[in-house]
file target12.cif (mmCIF, C-alpha atoms and all ligand atoms)
data_entry
#
loop_
_atom_site.label_atom_id
_atom_site.label_comp_id
_atom_site.auth_asym_id
_atom_site.auth_seq_id
_atom_site.Cartn_x
_atom_site.Cartn_y
_atom_site.Cartn_z
CA MET A 1491 -38.86 116.58 120.40
CA LEU A 1492 -37.89 114.64 117.28
CA THR A 1493 -36.29 117.25 115.04
CA THR A 1494 -35.22 117.11 111.40
CA ILE A 1495 -32.64 119.34 109.73
CA ILE A 1496 -31.90 119.12 106.02
CA TYR A 1497 -29.09 121.08 104.41
CA ARG A 1498 -27.09 121.10 101.22
CA SER A 1499 -23.46 122.15 100.76
CA HIS A 1500 -20.62 122.20 98.22
CA ILE A 1501 -17.60 119.91 98.62
CA CYS A 1502 -14.19 121.63 98.79
CA LYS A 1503 -11.79 121.15 95.84
CA ASP A 1504 -9.13 119.05 97.50
CA ILE A 1505 -11.34 116.54 99.35
CA SER A 1506 -11.13 112.89 98.26
CA LEU A 1507 -14.01 110.46 98.40
CA HIS A 1508 -11.79 108.10 100.36
CA SER A 1509 -11.36 110.66 103.15
CA LEU A 1510 -15.14 111.12 103.19
CA LYS A 1511 -15.64 107.44 103.89
CA ASP A 1512 -13.44 107.79 106.99
CA MET A 1513 -15.35 110.89 108.03
CA VAL A 1514 -18.67 109.03 107.69
CA ALA A 1515 -17.38 106.15 109.81
CA ALA A 1516 -16.46 108.61 112.58
CA ALA A 1517 -19.76 110.48 112.13
CA ASN A 1518 -21.66 107.23 112.51
CA LEU A 1519 -20.19 106.57 115.91
CA LYS A 1520 -20.88 110.10 117.05
CA ASN A 1521 -24.46 110.05 115.73
CA ASP A 1522 -25.09 106.70 117.35
CA HIS A 1523 -24.01 108.11 120.67
CA ALA A 1524 -26.27 111.14 120.28
CA ASP A 1525 -29.25 109.11 119.00
CA VAL A 1526 -29.11 110.93 115.67
CA THR A 1527 -29.97 109.10 112.45
CA GLY A 1528 -30.22 110.21 108.85
CA ILE A 1529 -28.72 109.93 105.42
CA LEU A 1530 -26.05 111.76 103.45
CA LEU A 1531 -26.29 112.03 99.66
CA PHE A 1532 -23.42 113.12 97.42
CA ASN A 1533 -23.65 113.87 93.71
CA GLY A 1534 -19.99 114.55 92.99
CA THR A 1535 -20.31 118.27 93.84
CA HIS A 1536 -22.97 118.73 96.46
CA PHE A 1537 -23.86 117.08 99.73
CA PHE A 1538 -27.43 116.74 100.89
CA GLN A 1539 -27.95 115.52 104.41
CA LEU A 1540 -30.94 114.74 106.57
CA LEU A 1541 -30.32 114.62 110.32
CA GLU A 1542 -33.01 113.53 112.75
CA GLY A 1543 -33.10 112.96 116.48
CA PRO A 1544 -33.54 114.90 119.74
CA GLU A 1545 -33.42 118.63 119.00
CA GLU A 1546 -30.37 119.44 121.09
CA SER A 1547 -28.30 116.61 119.61
CA VAL A 1548 -29.29 117.43 116.02
CA LEU A 1549 -28.46 121.11 116.55
CA SER A 1550 -25.11 120.32 118.14
CA ILE A 1551 -24.05 118.01 115.30
CA TYR A 1552 -25.33 120.45 112.68
CA HIS A 1553 -23.30 123.20 114.35
CA HIS A 1554 -20.14 121.08 113.99
CA ILE A 1555 -20.99 120.26 110.38
CA CYS A 1556 -21.41 123.97 109.53
CA GLN A 1557 -17.86 124.66 110.78
CA ASP A 1558 -16.35 121.76 108.80
CA LYS A 1559 -13.73 122.93 106.29
CA ARG A 1560 -14.36 119.98 103.95
CA HIS A 1561 -17.40 121.72 102.50
CA TYR A 1562 -18.75 125.27 102.11
CA ASN A 1563 -21.95 127.16 101.25
CA VAL A 1564 -23.93 125.15 103.78
CA VAL A 1565 -27.59 126.13 103.24
CA GLU A 1566 -30.23 124.98 105.69
CA LEU A 1567 -33.28 123.84 103.71
CA LEU A 1568 -35.57 122.45 106.38
CA TYR A 1569 -35.86 122.66 110.15
CA ASP A 1570 -38.96 120.80 111.26
CA TYR A 1571 -40.50 118.38 113.73
CA ALA A 1572 -41.84 114.92 112.94
CA PRO A 1573 -43.73 112.12 114.71
CA ALA A 1574 -41.27 109.41 113.65
CA ARG A 1575 -37.86 108.97 112.04
CA ARG A 1576 -37.64 108.70 108.28
CA PHE A 1577 -34.25 107.00 108.28
CA GLY A 1578 -34.39 105.35 111.70
CA LYS A 1579 -32.70 102.17 110.59
CA THR A 1580 -29.72 103.79 108.91
CA GLY A 1581 -27.03 105.24 111.18
CA MET A 1582 -25.40 107.63 108.74
CA GLU A 1583 -24.73 106.29 105.29
CA LEU A 1584 -22.96 108.12 102.49
CA PHE A 1585 -24.94 107.48 99.35
CA ASP A 1586 -23.07 108.38 96.18
CA LEU A 1587 -25.72 109.14 93.59
CA ARG A 1588 -23.21 108.69 90.74
CA GLU A 1589 -22.99 104.97 91.41
CA HIS A 1590 -26.66 104.41 90.68
CA ASP A 1591 -28.97 104.45 87.74
CA ARG A 1592 -30.83 107.78 87.74
CA GLU A 1593 -34.24 106.15 87.22
CA GLU A 1594 -33.92 103.88 90.22
CA VAL A 1595 -31.94 106.03 92.58
CA LEU A 1596 -34.86 107.65 94.38
CA GLN A 1597 -36.47 104.31 95.15
CA THR A 1598 -33.12 102.89 96.26
CA VAL A 1599 -32.65 105.76 98.71
CA LEU A 1600 -36.21 105.53 99.97
CA ASP A 1601 -35.79 101.80 100.51
CA LYS A 1602 -33.28 102.74 103.16
CA GLY A 1603 -35.99 104.61 105.03
CA THR A 1604 -38.09 103.50 107.97
CA SER A 1605 -40.74 101.44 106.15
CA LYS A 1606 -43.74 103.59 107.07
CA TYR A 1607 -42.31 106.53 105.17
CA GLN A 1608 -40.94 104.72 102.17
CA LEU A 1609 -43.47 105.85 99.65
CA ILE A 1610 -44.98 108.95 101.21
CA TYR A 1611 -43.98 111.48 98.63
CA ASN A 1612 -45.93 114.41 100.02
CA ASP A 1613 -43.77 114.61 103.09
CA ARG A 1614 -41.74 117.87 102.77
CA ALA A 1615 -38.50 116.21 103.78
CA LEU A 1616 -38.90 113.54 101.12
CA GLN A 1617 -39.85 116.18 98.56
CA PHE A 1618 -36.52 117.87 99.26
CA PHE A 1619 -34.91 114.50 98.64
CA ARG A 1620 -36.65 114.01 95.35
CA THR A 1621 -35.70 117.52 94.23
CA PHE A 1622 -32.03 116.95 95.09
CA VAL A 1623 -31.88 113.54 93.46
CA GLU A 1624 -33.59 114.81 90.31
CA ALA A 1625 -31.45 118.00 90.40
CA THR A 1626 -34.41 120.22 89.52
CA GLU A 1627 -33.42 123.16 91.74
CA LYS A 1628 -29.84 123.52 90.65
CA GLU A 1629 -30.26 126.92 89.02
CA ASN A 1630 -30.93 128.29 92.50
CA TYR A 1631 -27.63 127.10 93.96
CA PHE A 1632 -25.48 130.22 94.06
CA GLU A 1633 -21.93 129.17 94.81
CA ILE A 1634 -20.38 132.17 96.49
CA PRO A 1635 -16.65 132.49 97.15
CA PRO A 1636 -15.36 132.74 100.74
CA ALA A 1637 -15.61 136.12 102.48
CA GLU A 1638 -11.80 136.37 102.53
CA SER A 1639 -11.67 136.60 98.75
CA TRP A 1640 -12.62 140.28 98.95
CA ASP A 1641 -10.93 143.37 100.32
CA PHE A 1642 -13.11 146.34 101.21
CA ILE A 1643 -11.18 149.50 100.44
CA PRO A 1644 -12.52 152.83 101.72
CA ASP A 1645 -12.46 155.69 99.23
CA ASP A 1646 -11.52 159.22 100.25
CA ASN A 1647 -14.87 160.81 99.50
CA ALA A 1648 -16.12 161.27 103.07
CA ARG A 1649 -17.70 164.68 103.63
CA SER A 1650 -19.39 166.45 106.51
CA THR A 1651 -21.38 169.57 107.29
CA THR A 1652 -19.39 170.39 110.41
CA ALA A 1653 -17.97 173.47 108.73
CA VAL A 1654 -21.42 174.54 107.57
CA VAL A 1655 -23.83 175.59 110.28
CA VAL A 1656 -27.21 174.58 108.90
CA ASP A 1657 -29.50 175.72 111.69
CA ASN A 1658 -28.32 176.07 115.25
CA ALA A 1659 -31.86 176.15 116.57
CA ALA A 1660 -32.88 172.89 114.85
CA ASP A 1661 -34.32 170.24 117.15
CA CYS A 1662 -33.20 167.43 114.85
CA SER A 1663 -30.31 166.36 112.70
CA PHE A 1664 -29.67 163.72 110.05
CA ALA A 1665 -27.26 160.90 109.47
CA PHE A 1666 -26.55 160.14 105.83
CA GLN A 1667 -25.93 156.71 104.35
CA PRO A 1668 -25.24 155.95 100.70
CA MET A 1669 -26.89 153.20 98.69
CA ILE A 1670 -24.28 151.86 96.31
CA ASP A 1671 -23.76 149.60 93.32
CA PRO A 1672 -20.53 147.85 94.45
CA PHE A 1673 -19.50 146.44 91.06
CA ALA A 1674 -20.18 149.67 89.17
CA GLN A 1675 -18.42 151.52 92.05
CA LYS A 1676 -21.22 154.03 92.02
CA ILE A 1677 -23.30 155.78 94.67
CA ILE A 1678 -26.92 155.31 93.56
CA SER A 1679 -28.52 157.57 96.15
CA VAL A 1680 -28.07 158.87 99.68
CA GLU A 1681 -30.61 158.33 102.46
CA ALA A 1682 -31.15 160.97 105.14
CA LEU A 1683 -31.88 159.22 108.43
CA LEU A 1684 -33.61 161.26 111.13
CA ARG A 1685 -31.66 161.76 114.39
CA THR A 1686 -31.73 164.07 117.40
CA PRO A 1687 -29.07 166.83 117.31
CA CYS A 1688 -26.74 164.57 119.33
CA GLY A 1689 -27.36 161.57 117.10
CA ASN A 1690 -30.08 159.61 118.91
CA SER A 1691 -32.72 157.58 117.08
CA PRO A 1692 -35.99 158.84 115.53
CA ALA A 1693 -37.84 157.36 118.54
CA ALA A 1694 -35.99 159.89 120.76
CA TYR A 1695 -36.93 162.74 118.39
CA PHE A 1696 -40.62 161.76 118.47
CA GLU A 1697 -40.71 161.05 122.21
CA GLY A 1698 -43.59 162.83 123.95
CA LEU A 1699 -45.17 163.92 120.67
CA THR A 1700 -48.65 162.60 119.96
CA GLY A 1701 -51.39 163.15 117.39
CA LYS A 1702 -50.92 165.91 114.85
CA ALA A 1703 -47.84 167.30 116.64
CA ARG A 1704 -45.99 164.08 115.76
CA TYR A 1705 -46.81 164.39 112.06
CA GLN A 1706 -45.99 168.11 112.03
CA ALA A 1707 -42.59 167.36 113.62
CA ASP A 1708 -42.01 164.62 111.04
CA LEU A 1709 -42.72 167.05 108.19
CA ASP A 1710 -40.76 169.95 109.73
CA SER A 1711 -37.68 167.77 110.07
CA LYS A 1712 -37.50 167.48 106.27
CA LYS A 1713 -36.66 171.20 106.10
CA ILE A 1714 -33.42 170.35 107.95
CA ALA A 1715 -32.85 167.24 105.78
CA PHE A 1716 -32.98 169.27 102.56
CA ALA A 1717 -30.82 172.07 104.01
CA MET A 1718 -28.20 169.56 105.12
CA ALA A 1719 -28.31 167.76 101.76
CA SER A 1720 -27.70 171.09 100.07
CA ALA A 1721 -24.81 171.92 102.47
CA LEU A 1722 -23.31 168.50 101.73
CA LYS A 1723 -23.57 169.28 98.03
CA LEU A 1724 -25.73 166.23 97.41
CA GLY A 1725 -27.31 167.96 94.43
CA GLU A 1726 -25.55 165.56 92.07
CA PHE A 1727 -27.19 162.49 93.72
CA SER A 1728 -30.60 161.02 94.11
CA PHE A 1729 -31.55 161.46 97.68
CA SER A 1730 -34.15 159.86 99.96
CA VAL A 1731 -36.04 160.94 103.06
CA ASN A 1732 -38.40 158.96 105.28
CA LEU A 1733 -41.95 160.04 106.09
CA LEU A 1734 -44.59 158.58 108.36
CA PRO A 1735 -47.39 157.60 105.97
CA MET A 1736 -49.97 159.47 108.04
CA THR A 1737 -48.01 162.73 107.79
CA LEU A 1738 -49.31 163.13 104.25
CA VAL A 1739 -52.86 162.44 105.44
CA MET A 1740 -52.86 164.53 108.62
CA ILE A 1741 -51.04 167.60 107.24
CA PRO A 1742 -53.02 168.57 104.14
CA ASP A 1743 -50.41 170.96 102.72
CA ALA A 1744 -47.50 168.53 103.27
CA VAL A 1745 -46.59 168.03 99.61
CA ASN A 1746 -46.45 171.79 98.96
CA PHE A 1747 -44.26 172.23 102.06
CA LEU A 1748 -41.82 169.62 100.69
CA LEU A 1749 -41.80 171.26 97.26
CA ARG A 1750 -41.07 174.69 98.76
CA GLU A 1751 -38.18 173.44 100.90
CA ILE A 1752 -36.71 171.51 98.01
CA GLN A 1753 -36.75 174.58 95.80
CA ILE A 1754 -35.21 176.82 98.51
CA ASN A 1755 -32.30 174.38 98.72
CA GLY A 1756 -31.71 174.15 94.99
CA LEU A 1757 -33.02 170.58 94.65
CA VAL A 1758 -35.72 169.14 92.39
CA PRO A 1759 -38.46 166.60 93.29
CA GLU A 1760 -37.31 164.23 90.53
CA GLN A 1761 -34.11 163.53 92.45
CA ILE A 1762 -35.96 162.76 95.66
CA THR A 1763 -37.45 159.49 96.85
CA VAL A 1764 -39.85 159.49 99.77
CA GLU A 1765 -39.59 156.27 101.76
CA PHE A 1766 -42.35 154.71 103.84
CA THR A 1767 -42.08 151.76 106.18
CA GLU A 1768 -44.09 148.71 105.12
CA SER A 1769 -45.84 148.08 108.45
CA GLU A 1770 -46.92 151.73 108.81
CA VAL A 1771 -48.32 151.87 105.28
CA ILE A 1772 -50.58 148.88 105.58
CA SER A 1773 -52.50 150.05 108.63
CA ARG A 1774 -54.11 153.01 106.72
CA ILE A 1775 -53.72 151.86 103.14
CA ASP A 1776 -56.70 153.72 101.60
CA ASP A 1777 -55.80 157.14 103.04
CA PHE A 1778 -52.22 156.49 102.16
CA THR A 1779 -52.71 155.59 98.49
CA SER A 1780 -54.57 158.83 97.82
CA SER A 1781 -51.73 160.85 99.37
CA ILE A 1782 -49.20 158.97 97.28
CA ARG A 1783 -50.91 160.25 94.15
CA GLN A 1784 -50.09 163.82 95.19
CA LEU A 1785 -46.43 162.94 95.72
CA LYS A 1786 -46.20 161.19 92.36
CA ALA A 1787 -47.98 164.06 90.62
CA ALA A 1788 -45.38 166.45 92.07
CA GLY A 1789 -42.51 164.38 90.62
CA PHE A 1790 -41.28 162.47 93.68
CA SER A 1791 -40.41 158.77 93.61
CA VAL A 1792 -41.77 156.48 96.30
CA ALA A 1793 -40.02 153.58 98.06
CA ILE A 1794 -41.16 151.02 100.61
CA ASP A 1795 -38.55 150.58 103.30
CA HIS A 1796 -38.17 147.60 105.65
CA PHE A 1797 -39.89 145.39 103.09
CA GLY A 1798 -40.39 141.92 104.56
CA ALA A 1799 -40.33 143.08 108.18
CA GLY A 1800 -44.06 143.79 108.42
CA PHE A 1801 -47.05 141.60 107.84
CA ALA A 1802 -48.04 142.78 104.37
CA GLY A 1803 -45.25 141.34 102.25
CA LEU A 1804 -45.87 140.91 98.58
CA SER A 1805 -49.64 141.44 98.88
CA LEU A 1806 -48.93 145.13 99.57
CA LEU A 1807 -47.99 145.39 95.89
CA THR A 1808 -51.58 144.64 94.88
CA GLN A 1809 -52.59 147.93 96.54
CA PHE A 1810 -49.98 150.17 94.99
CA GLN A 1811 -46.60 149.81 93.34
CA PRO A 1812 -43.71 151.90 94.62
CA ASP A 1813 -40.72 152.78 92.42
CA ARG A 1814 -38.43 150.84 94.73
CA ILE A 1815 -38.56 148.37 97.58
CA LYS A 1816 -35.79 148.04 100.12
CA ILE A 1817 -35.55 144.51 101.52
CA ASN A 1818 -35.17 144.55 105.26
CA ARG A 1819 -32.31 143.18 107.35
CA GLU A 1820 -34.62 140.51 108.82
CA LEU A 1821 -34.66 138.80 105.43
CA ILE A 1822 -31.06 139.66 104.54
CA LYS A 1823 -29.46 138.35 107.74
CA ASP A 1824 -27.42 135.22 106.94
CA VAL A 1825 -29.31 134.74 103.68
CA HIS A 1826 -26.37 132.69 102.35
CA LYS A 1827 -27.14 130.01 104.96
CA SER A 1828 -30.93 129.95 104.87
CA GLY A 1829 -33.08 128.17 102.28
CA PRO A 1830 -36.32 129.90 103.37
CA ARG A 1831 -34.78 133.42 103.19
CA GLN A 1832 -33.31 132.62 99.77
CA ALA A 1833 -36.67 131.41 98.46
CA ILE A 1834 -38.51 134.52 99.74
CA ILE A 1835 -35.95 136.95 98.34
CA GLN A 1836 -35.98 135.20 94.97
CA ALA A 1837 -39.78 135.51 94.91
CA VAL A 1838 -39.55 139.22 95.77
CA ILE A 1839 -36.97 139.79 93.01
CA LYS A 1840 -39.08 137.95 90.43
CA CYS A 1841 -42.25 139.77 91.41
CA CYS A 1842 -40.56 143.18 91.33
CA ALA A 1843 -38.96 142.43 87.96
CA SER A 1844 -42.44 141.76 86.53
CA LEU A 1845 -43.66 145.07 87.96
CA GLU A 1846 -40.50 147.08 87.03
CA ILE A 1847 -39.94 147.93 90.70
CA ALA A 1848 -36.28 148.49 91.64
CA VAL A 1849 -35.07 146.25 94.48
CA SER A 1850 -32.31 147.04 96.92
CA ALA A 1851 -31.08 145.32 100.05
CA VAL A 1852 -30.51 147.27 103.25
CA GLY A 1853 -28.69 146.29 106.42
CA VAL A 1854 -26.05 144.27 104.59
CA GLU A 1855 -23.29 143.45 107.08
CA LYS A 1856 -21.45 140.37 105.82
CA PRO A 1857 -19.57 139.83 102.54
CA GLU A 1858 -21.41 136.50 102.09
CA GLU A 1859 -24.81 138.20 102.35
CA TRP A 1860 -23.80 140.71 99.70
CA MET A 1861 -22.35 138.02 97.40
CA TRP A 1862 -25.43 135.83 97.63
CA LEU A 1863 -27.72 138.80 96.89
CA GLU A 1864 -25.56 139.83 93.90
CA SER A 1865 -25.82 136.26 92.59
CA ALA A 1866 -29.59 136.43 92.99
CA GLY A 1867 -29.72 139.58 90.87
CA ILE A 1868 -29.69 142.50 93.32
CA SER A 1869 -27.11 145.15 92.51
CA GLN A 1870 -27.92 148.02 94.90
CA PHE A 1871 -27.01 147.84 98.57
CA GLN A 1872 -27.00 149.82 101.76
CA GLY A 1873 -25.34 148.59 104.91
CA HIS A 1874 -22.47 148.71 107.36
CA LEU A 1875 -20.44 146.44 105.08
CA PHE A 1876 -20.02 149.37 102.68
CA ALA A 1877 -20.73 152.57 104.65
CA ILE A 1878 -22.16 153.33 108.09
CA PRO A 1879 -24.66 156.17 108.57
CA CYS A 1880 -22.73 159.31 109.50
CA LEU A 1881 -24.25 162.14 111.56
CA SER A 1882 -24.15 165.40 109.57
CA GLY A 1883 -22.06 163.83 106.85
CA ILE A 1884 -21.25 160.90 104.61
CA SER A 1885 -18.61 158.38 105.57
CA ALA A 1886 -16.14 156.87 103.10
CA VAL A 1887 -17.53 153.99 101.03
CA ALA A 1888 -15.63 150.69 101.32
CA TRP A 1889 -15.65 149.30 97.78
CA PRO A 1890 -15.09 145.54 97.36
CA GLU A 1891 -12.06 144.42 95.41
CA LYS A 1892 -11.36 140.81 94.60
CA LYS A 1893 -8.02 139.66 96.02
CA ALA A 1894 -5.61 138.79 93.25
CA ASP A 1895 -4.45 135.44 94.59
CA LEU A 1896 -7.88 133.84 95.11
C1 LIG B 1 -20.88 116.61 104.49
C2 LIG B 1 -20.55 116.31 105.91
C3 LIG B 1 -21.44 115.60 106.71
C4 LIG B 1 -21.13 115.29 108.04
N1 LIG B 1 -22.04 114.60 108.80
C5 LIG B 1 -21.75 114.37 110.11
C6 LIG B 1 -22.67 113.68 110.93
O1 LIG B 1 -23.74 113.27 110.52
N2 LIG B 1 -22.33 113.48 112.23
C7 LIG B 1 -21.16 113.92 112.75
O2 LIG B 1 -20.90 113.69 113.93
N3 LIG B 1 -20.27 114.55 111.97
C8 LIG B 1 -20.52 114.77 110.67
N4 LIG B 1 -19.62 115.44 109.89
C9 LIG B 1 -18.31 115.77 110.48
C10 LIG B 1 -18.41 116.99 111.37
O3 LIG B 1 -18.32 118.14 110.59
C11 LIG B 1 -17.28 117.01 112.41
O4 LIG B 1 -16.06 116.86 111.79
C12 LIG B 1 -17.47 115.89 113.41
O5 LIG B 1 -18.72 116.09 114.07
C13 LIG B 1 -16.36 115.85 114.46
O6 LIG B 1 -16.30 117.05 115.13
P1 LIG B 1 -15.36 117.26 116.40
O7 LIG B 1 -14.02 116.75 115.97
O8 LIG B 1 -15.38 118.75 116.66
O9 LIG B 1 -15.99 116.45 117.49
C14 LIG B 1 -19.91 115.73 108.57
C15 LIG B 1 -19.01 116.47 107.77
C16 LIG B 1 -19.32 116.75 106.45
C17 LIG B 1 -18.37 117.53 105.61
#
call {"tool": "encode", "arguments": {"input": "target12.cif", "output": "structure tokens"}}
result
Amino acid sequence: MLTTIIYRSHICKDISLHSLKDMVAAANLKNDHADVTGILLFNGTHFFQLLEGPEESVLSIYHHICQDKRHYNVVELLYDYAPARRFGKTGMELFDLREHDREEVLQTVLDKGTSKYQLIYNDRALQFFRTFVEATEKENYFEIPPAESWDFIPDDNARSTTAVVVDNAADCSFAFQPMIDPFAQKIISVEALLRTPCGNSPAAYFEGLTGKARYQADLDSKKIAFAMASALKLGEFSFSVNLLPMTLVMIPDAVNFLLREIQINGLVPEQITVEFTESEVISRIDDFTSSIRQLKAAGFSVAIDHFGAGFAGLSLLTQFQPDRIKINRELIKDVHKSGPRQAIIQAVIKCCASLEIAVSAVGVEKPEEWMWLESAGISQFQGHLFAIPCLSGISAVAWPEKKADL
């Protein structure tokens, strides 16, 4: 199927225009062979390229382009299918926007197109063109340094409850994972993640439990979470636990149970955030919002976890506003390379700023993901890049430090 990929990228410092002309000559031959056409724009700093042709060939060439050391921060803007080529008559031409009058440049580029498409401005691909030529999106180009410019240095603050027997008879345990502000070198809060005593997932803990028994088990597990938090001396931190939204609905005295256990362990509700998963919240939103009022009235904060993984998205925020949302790994993954993910995360950040909702990113694994998110305005992160969840303890946090020579 005729496939179009559009990307933009940043030229590397030491690359001359002359060497680019040679590269384009070689690219032309290769594209010709693979039946790939398109156009390459250059504005002195950024490339913008449209590639079109059979899907496999376009993907293979794009894969090579992404590995090319002559440019960096390659961000895919469009991946789409079309009935006909837009630049079918041009092999691969390098079009230097600086050599043309700004007023006429768009028309000049479009004149290179397959005639049918020359003046169809509502085509998404051509809209991307127009935006690049007119440089109206530039404030959203976050130029992040290479991953190798950072060291991640573990601190020596790991702690565990192994010396402290919390409850031998407990049928669950918890892994703890910090949420950090890497630049402030500060732990913002610690999340208690439900596990079986030998460290298996929450699904294993809930296996075989149905109906009310499932919600009771969910609530009961928080007794262990608070006891372990106390044994870990987490009293100085904010601390979060996860609840199934229906636990609050199905167990009428749930909030009082939480308050009692918190008090027994020397904690206060104001330091505790209760996290709910987006997809679970939306299925029983009316019951859920009334339960949330009880939690808020008791002093707890509320967060929506896995934001962006479910089907509610931003419209969930019309129903109720949590204190924090945690953007899910599905949106975070390779955000530095994906135009659509970048656009969605920027919309989430803007929306949450208007509503004074704190935003954090979870599941951060790559330095580039973290750097892009920092550039976009997020400062609080959870993920394997900084600290893995640790059963019955907290692992050392790997704090980023910029390498001196880069
Ligand atoms: C901005 C830019 C655009 C490029 N466009 C193409 C292209 O359209 N077709 C192509 O074959 N190579 C293109 N290349 C070069 C590829 O990255 C790669 O060097 C080339 O495909 C040869 O790869 P190979 O030596 O592994 O076969 C481009 C490189 C850059 C930096």
call {"tool": "axis_aligned_box", "arguments": {"input": "target12.cif", "around": "ligand LIG 1 (chain B)", "padding_each_side": "8 Å", "output": "JSON"}}
result
{"center_x": -18.9, "center_y": 116.0, "center_z": 111.0, "size_x": 25.7, "size_y": 21.5, "size_z": 29.0}
call {"tool": "closest_residue", "arguments": {"input": "target12.cif", "among": "A:Lys1713, A:Arg1498, A:His1826, A:Lys1702", "to": "Leu1684 of chain A", "atoms": "all atoms listed in the file"}}
result
A:Lys1713
call {"tool": "closest_atom_pairs", "arguments": {"input": "target12.cif", "of": "segment 1529-1619 of chain A", "to": "segment 1512-1519 of chain A", "cutoff": "12 Å", "atoms": "all atoms listed in the file", "output": "JSON lines"}}
result
{"residue": "A:Ile1529", "atom": "CA", "partner": "A:Val1514", "partner_atom": "CA", "distance": 10.3}
{"residue": "A:Leu1530", "atom": "CA", "partner": "A:Val1514", "partner_atom": "CA", "distance": 8.9}
{"residue": "A:Leu1531", "atom": "CA", "partner": "A:Val1514", "partner_atom": "CA", "distance": 11.5}
{"residue": "A:Gln1539", "atom": "CA", "partner": "A:Val1514", "partner_atom": "CA", "distance": 11.8}
{"residue": "A:Leu1541", "atom": "CA", "partner": "A:Ala1517", "partner_atom": "CA", "distance": 11.5}
{"residue": "A:Ile1551", "atom": "CA", "partner": "A:Ala1517", "partner_atom": "CA", "distance": 9.2}
{"residue": "A:Tyr1552", "atom": "CA", "partner": "A:Ala1517", "partner_atom": "CA", "distance": 11.4}
{"residue": "A:His1554", "atom": "CA", "partner": "A:Ala1517", "partner_atom": "CA", "distance": 10.8}
{"residue": "A:Ile1555", "atom": "CA", "partner": "A:Ala1517", "partner_atom": "CA", "distance": 10.0}
{"residue": "A:Asp1558", "atom": "CA", "partner": "A:Met1513", "partner_atom": "CA", "distance": 10.9}
{"residue": "A:Arg1560", "atom": "CA", "partner": "A:Met1513", "partner_atom": "CA", "distance": 10.0}
{"residue": "A:Thr1580", "atom": "CA", "partner": "A:Asn1518", "partner_atom": "CA", "distance": 9.5}
{"residue": "A:Gly1581", "atom": "CA", "partner": "A:Asn1518", "partner_atom": "CA", "distance": 5.9}
{"residue": "A:Met1582", "atom": "CA", "partner": "A:Asn1518", "partner_atom": "CA", "distance": 5.3}
{"residue": "A:Glu1583", "atom": "CA", "partner": "A:Val1514", "partner_atom": "CA", "distance": 7.1}
{"residue": "A:Leu1584", "atom": "CA", "partner": "A:Val1514", "partner_atom": "CA", "distance": 6.8}
{"residue": "A:Phe1585", "atom": "CA", "partner": "A:Val1514", "partner_atom": "CA", "distance": 10.5}
call {"tool": "closest_residue", "arguments": {"input": "target12.cif", "among": "A:Gln1809, A:Ser1499, A:Thr1494, A:Asn1533", "to": "Arg1614 of chain A", "atoms": "all atoms listed in the file"}}
result
A:Thr1494
call {"tool": "residues_around", "arguments": {"input": "target12.cif", "residues": "Glu1627 of chain A", "least_positions_apart": "5", "cutoff": "10 Å", "atoms": "only C-alpha atoms", "output": "mmCIF file with C-alpha atoms, in the coordinates of the input"}}
result
data_model
loop_
_atom_site.group_PDB
_atom_site.id
_atom_site.type_symbol
_atom_site.label_atom_id
_atom_site.label_comp_id
_atom_site.auth_asym_id
_atom_site.auth_seq_id
_atom_site.Cartn_x
_atom_site.Cartn_y
_atom_site.Cartn_z
ATOM 1 C CA PHE A 1618 -36.520 117.870 99.260
ATOM 2 C CA THR A 1621 -35.700 117.520 94.230
ATOM 3 C CA PHE A 1622 -32.030 116.950 95.090
#
call {"tool": "closest_residue", "arguments": {"input": "target12.cif", "among": "A:Pro1857, A:Lys1511, A:Val1887, A:Val1731", "to": "Ser1639 of chain A", "atoms": "all atoms listed in the file"}}
result
A:Pro1857
call {"tool": "closest_residue", "arguments": {"input": "target12.cif", "among": "A:Met1740, A:Pro1635, A:Leu1881, A:Glu1546", "to": "Cys1688 of chain A", "atoms": "only C-alpha atoms"}}
result
A:Leu1881
call {"tool": "atom_distance", "arguments": {"input": "target12.cif", "atom1": "atom CA of Gly1698 of chain A", "atom2": "atom CA of Ile1775 of chain A"}}
result
25.6 Å
call {"tool": "closest_residue", "arguments": {"input": "target12.cif", "among": "A:Met1491, A:Ile1878, A:Val1548, A:Val1792", "to": "ligand LIG 1 (chain B)", "atoms": "all atoms listed in the file"}}
result
A:Val1548
call {"tool": "residues_near_point", "arguments": {"input": "target12.cif", "point": "(-43.0, 148.0, 95.2)", "cutoff": "9 Å", "atoms": "all atoms listed in the file", "output": "ChimeraX atom specification"}}
result
/A:1792-1794,1797,1804,1806-1807,1810-1816,1842,1845-1849
call {"tool": "closest_residue", "arguments": {"input": "target12.cif", "among": "A:Gln1597, A:Glu1566, A:Ile1505, A:Ser1720", "to": "Arg1620 of chain A", "atoms": "only C-alpha atoms"}}
result
A:Gln1597
call {"tool": "residues_around", "arguments": {"input": "target12.cif", "residues": "Ser1865 of chain A", "least_positions_apart": "2", "cutoff": "12 Å", "atoms": "all atoms listed in the file", "output": "list in words"}}
result
Glu1629, Asn1630, Tyr1631, Phe1632, Glu1633, Ile1634, Pro1635, Val1825, His1826, Gln1832, Ile1835, Gln1836, Ile1839, Glu1858, Glu1859, Trp1860, Met1861, Trp1862, Leu1863, Gly1867, Ile1868 and Ser1869 of chain A
call {"tool": "residues_around", "arguments": {"input": "target12.cif", "residues": "Tyr1571 of chain A", "least_positions_apart": "6", "cutoff": "10 Å", "atoms": "only C-alpha atoms", "output": "VMD selection string"}}
result
chain A and resid 1491 to 1495 1542 to 1545
